[in-house]
Amino acid sequence: MRHFTSVKQLGNLEEAFAKAKYVKENPFADQALGRNKTLLMIFFNSSLRTRLSTQKAALNLGMNVIVLDVNQGAWKLETERGVIMDGDKPEHLLEAIPVMGCYCDAIGVRSFARFESKEADYNEVILNQFIQYSGKPVFSMEAATRHPLQTFADMITIEEFKKTAKPKIVMTWAPHPKALPQAVPNSFAEGINLTDYEFVITHPKGYELDEAFVGNARVEYDQDKALAGADFVYAKNWAAYNDADYGKVLNMDRSWTVTTEKMALTNNAYFMHCLPVRRNMIVSDDVIESPQSIVIPEAANRVVSAQTVLKEILLGL
């Protein structure tokens with residue numbers, strides 16, 4: 001594996017899950033792979049689980065780790081080509097990227113959608129600049145349109161907890177006071193579409209996702225109907241994708257909050273969320289604290305997903 005930007009690059013899922021299982025059971029078995037290798041983790045946006053889990057994964061593999069917070073520990077970076085740099089950004093990403101590449105063996109990049117241009121976001125301008133100009137393997141620690149390490153962890157978690165070969169997975173929109181990117185729901189949908197699970201996406205009208213990510217999922221606008229018989233409920237907010245409203249919050253309908261009453265419609269489903277989560281907006285206290293909440297094991301599997309991917313990158317060096 002050279003670059004990792006989508007769960008599609010995992011290849012055969014059975015093999016990917018087997019590799020993840022080996023990593024989870026033998027976290028320090030491959031330290032020779034990373035010895036004298038350096039991972040550079042670059043954050044354009046805030047992080048808790050991604051920062052800690054990816055750093056832990058690299059250390060488990062014997063790597064050195066450099067963490068750069070672009071907004072606090074570096075010059076302000078210009079990202080657009082052709083601009084006259086007479087403002088507050090003294091360095092251009094097109095020089096910064098190859099310089100960064102000189103100091104490491106692999107690069108992880110975290111850069112959210114900016115909601116300034118749908119075209120720029122969905123063309124993954126920043127992530128692709130790192131791939132084009134760094135000269136090093138690059139993996140996404142969440143980009144504008146996908147969060148593949150999160151999705152791989154989600155899929156590992158479902159494999160561990162599922163009670164039937166083909167569970168019903170429901171991804172439900174839930175209210176949030178801020179406009180959030182579509183990266184997590186896009187990526188989750190992309191991942192579940194690689195399986196033969198029953199998959200339903202439910203959201204209010206106006207929150208339709210890109211059809212390329214929706215894939216074979218059934219879209220249901222009635223949340224109660226969608227939740228009926230679900231084995232896993234994955235809650236997530238996202239802003240509007242359609243051209244006219246791109247990046248906007250269209251409503252904060254609290255009737256979409258995942259509550260005990262909503263979960264009672266399911267087949268005693270497990271509750272999932274990528275975290276951080278706004279309690280009593282996305283999900284009620286009772287649900288996220290219930291025995292059916294698997295958000296902590298899900299977060300713990302972020303180390304496993306990152307380490308499995310990093311191992312494959314190291315094997316390709």
# chains A, B, ... in the order shown; residues from 1 in each chain; ligands from 1

call {"tool": "closest_atom_pairs", "arguments": {"of": "region 117-153 of chain A", "to": "region 286-304 of chain A", "cutoff": "7 Å", "atoms": "only C-alpha atoms", "output": "JSON lines"}}
result
{"residue": "A:Leu149", "atom": "CA", "partner": "A:Arg302", "partner_atom": "CA", "distance": 6.9}
{"residue": "A:Gln150", "atom": "CA", "partner": "A:Arg302", "partner_atom": "CA", "distance": 6.4}
{"residue": "A:Ala153", "atom": "CA", "partner": "A:Asn301", "partner_atom": "CA", "distance": 5.1}

call {"tool": "select_by_dssp", "arguments": {"residues": "region 52-279 of chain A", "states": "alpha helix (DSSP H)", "output": "number ranges by chain"}}
result
A: 52-60, 70-73, 93-102, 118-122, 125-133, 148-161, 183-192, 211-214, 223-227, 260-263

call {"tool": "residues_around", "arguments": {"residues": "Thr308 (chain A)", "least_positions_apart": "2", "cutoff": "7 Å", "atoms": "only C-alpha atoms", "output": "PyMOL selection string"}}
result
chain A and resi 19-20+23+304-306+310-312

call {"tool": "closest_residue", "arguments": {"among": "A:Tyr133, A:Phe213, A:Phe112, A:Phe28", "to": "Ser6 (chain A)", "atoms": "only C-alpha atoms"}}
result
A:Phe213

call {"tool": "atom_distance", "arguments": {"atom1": "CA of Asn186 (chain A)", "atom2": "CA of Leu13 (chain A)"}}
result
18.3 Å

call {"tool": "closest_residue", "arguments": {"among": "A:Thr79, A:Thr145, A:Ser284, A:Gln307", "to": "Glu124 (chain A)", "atoms": "only C-alpha atoms"}}
result
A:Thr145

call {"tool": "residues_around", "arguments": {"residues": "region 218-223 of chain A", "least_positions_apart": "5", "cutoff": "9 Å", "atoms": "only C-alpha atoms", "output": "number ranges by chain"}}
result
A: 172-173, 198-205, 208, 228, 256, 262

call {"tool": "residues_around", "arguments": {"residues": "Lys37 (chain A)", "least_positions_apart": "6", "cutoff": "9 Å", "atoms": "only C-alpha atoms", "output": "number ranges by chain"}}
result
A: 62-65, 104-106, 314

call {"tool": "write_last_selection", "arguments": {"atoms": "C-alpha atoms", "output": "PDB file, in the first residue's frame"}}
result
ATOM      1  CA  GLY A  62       8.575   1.086  16.436  1.00  0.00           C
ATOM      2  CA  MET A  63       8.331   4.382  14.530  1.00  0.00           C
ATOM      3  CA  ASN A  64       9.483   7.831  15.559  1.00  0.00           C
ATOM      4  CA  VAL A  65       6.636  10.351  15.464  1.00  0.00           C
ATOM      5  CA  CYS A 104       9.924  11.679   7.353  1.00  0.00           C
ATOM      6  CA  ASP A 105       9.094   8.347   5.757  1.00  0.00           C
ATOM      7  CA  ALA A 106       5.291   8.628   5.794  1.00  0.00           C
ATOM      8  CA  LEU A 314       5.703   0.183   5.950  1.00  0.00           C
TER       9      LEU A 314
END

call {"tool": "closest_residue", "arguments": {"among": "A:Thr257, A:Glu211, A:Ser140, A:Ala269", "to": "Asp285 (chain A)", "atoms": "only C-alpha atoms"}}
result
A:Thr257

call {"tool": "closest_residue", "arguments": {"among": "A:Ala57, A:Leu194, A:Met272, A:Met85", "to": "Gln9 (chain A)", "atoms": "only C-alpha atoms"}}
result
A:Leu194

call {"tool": "decode", "arguments": {"residues": "region 80-186 of chain A", "atoms": "C-alpha atoms", "output": "short mmCIF file (atom, residue, chain, number, x, y, z; two decimals), in the first residue's frame"}}
result
data_model
loop_
_atom_site.label_atom_id
_atom_site.label_comp_id
_atom_site.auth_asym_id
_atom_site.auth_seq_id
_atom_site.Cartn_x
_atom_site.Cartn_y
_atom_site.Cartn_z
CA GLU A 80 -4.17 28.40 -3.23
CA ARG A 81 -1.94 28.55 -6.27
CA GLY A 82 -1.66 31.84 -8.17
CA VAL A 83 -2.42 34.17 -5.27
CA ILE A 84 -0.28 37.22 -4.48
CA MET A 85 1.06 36.45 -1.03
CA ASP A 86 0.81 39.93 0.48
CA GLY A 87 -1.32 38.90 3.44
CA ASP A 88 -0.72 37.06 6.72
CA LYS A 89 0.44 33.77 5.17
CA PRO A 90 4.23 33.83 4.66
CA GLU A 91 4.68 30.25 3.43
CA HIS A 92 3.05 28.32 0.62
CA LEU A 93 1.97 24.73 1.01
CA LEU A 94 3.71 23.89 -2.27
CA GLU A 95 7.09 24.62 -0.68
CA ALA A 96 6.14 23.37 2.77
CA ILE A 97 5.01 19.94 1.54
CA PRO A 98 8.28 18.82 -0.10
CA VAL A 99 10.20 20.20 2.88
CA MET A 100 8.04 18.10 5.21
CA GLY A 101 8.71 15.12 3.00
CA CYS A 102 12.45 15.53 3.61
CA TYR A 103 11.97 14.88 7.33
CA CYS A 104 9.92 11.68 7.35
CA ASP A 105 9.09 8.35 5.76
CA ALA A 106 5.29 8.63 5.79
CA ILE A 107 2.79 11.45 6.29
CA GLY A 108 -0.65 11.49 7.88
CA VAL A 109 -2.83 14.49 6.99
CA ARG A 110 -5.96 15.79 8.71
CA SER A 111 -7.76 18.52 6.79
CA PHE A 112 -11.52 19.03 6.97
CA ALA A 113 -13.91 20.43 4.41
CA ARG A 114 -13.87 24.21 4.54
CA PHE A 115 -17.37 24.70 3.10
CA GLU A 116 -15.99 27.57 0.99
CA SER A 117 -16.16 25.63 -2.26
CA LYS A 118 -17.89 22.31 -2.81
CA GLU A 119 -15.65 21.70 -5.81
CA ALA A 120 -12.46 22.25 -3.80
CA ASP A 121 -13.69 20.10 -0.93
CA TYR A 122 -14.77 17.19 -3.10
CA ASN A 123 -11.60 17.35 -5.18
CA GLU A 124 -9.60 16.94 -1.92
CA VAL A 125 -7.22 19.73 -2.91
CA ILE A 126 -5.04 19.72 0.23
CA LEU A 127 -4.77 15.94 0.63
CA ASN A 128 -3.95 15.49 -3.04
CA GLN A 129 -1.25 18.18 -2.88
CA PHE A 130 0.50 16.12 -0.20
CA ILE A 131 0.24 13.01 -2.36
CA GLN A 132 1.55 14.89 -5.41
CA TYR A 133 4.39 16.90 -3.87
CA SER A 134 5.66 15.15 -0.72
CA GLY A 135 7.32 12.19 -2.40
CA LYS A 136 6.24 10.03 0.54
CA PRO A 137 3.34 7.67 1.32
CA VAL A 138 0.36 9.70 2.51
CA PHE A 139 -2.67 8.55 4.47
CA SER A 140 -5.80 10.42 5.44
CA MET A 141 -6.47 11.15 9.11
CA GLU A 142 -9.77 12.68 7.89
CA ALA A 143 -10.10 14.69 4.75
CA ALA A 144 -12.88 16.79 3.26
CA THR A 145 -14.91 13.86 1.96
CA ARG A 146 -13.79 10.74 3.86
CA HIS A 147 -12.47 9.52 7.21
CA PRO A 148 -11.18 6.04 6.27
CA LEU A 149 -9.34 5.20 9.51
CA GLN A 150 -12.54 5.88 11.44
CA THR A 151 -14.58 3.79 9.03
CA PHE A 152 -12.14 0.86 9.20
CA ALA A 153 -12.39 1.00 13.01
CA ASP A 154 -16.20 1.10 12.73
CA MET A 155 -16.19 -1.96 10.47
CA ILE A 156 -13.82 -3.85 12.78
CA THR A 157 -16.15 -3.04 15.71
CA ILE A 158 -19.22 -4.29 13.84
CA GLU A 159 -17.37 -7.51 12.99
CA GLU A 160 -16.56 -8.00 16.67
CA PHE A 161 -20.08 -7.32 17.99
CA LYS A 162 -22.41 -8.61 15.28
CA LYS A 163 -24.69 -11.50 16.28
CA THR A 164 -25.78 -12.43 12.78
CA ALA A 165 -23.89 -12.79 9.52
CA LYS A 166 -25.81 -10.00 7.83
CA PRO A 167 -26.85 -7.43 10.43
CA LYS A 168 -29.05 -4.44 9.69
CA ILE A 169 -27.01 -1.26 9.92
CA VAL A 170 -28.77 2.10 10.19
CA MET A 171 -26.91 5.37 9.83
CA THR A 172 -29.08 8.16 11.16
CA TRP A 173 -28.65 11.90 10.88
CA ALA A 174 -29.02 13.67 14.23
CA PRO A 175 -29.18 17.38 15.15
CA HIS A 176 -26.12 19.50 15.89
CA PRO A 177 -25.71 23.27 16.41
CA LYS A 178 -22.80 23.59 13.93
CA ALA A 179 -22.28 22.70 10.29
CA LEU A 180 -20.30 19.45 10.17
CA PRO A 181 -18.60 17.90 7.12
CA GLN A 182 -19.97 14.86 5.32
CA ALA A 183 -16.64 12.99 5.66
CA VAL A 184 -17.67 10.50 8.36
CA PRO A 185 -21.10 9.61 6.91
CA ASN A 186 -19.66 9.45 3.38
#
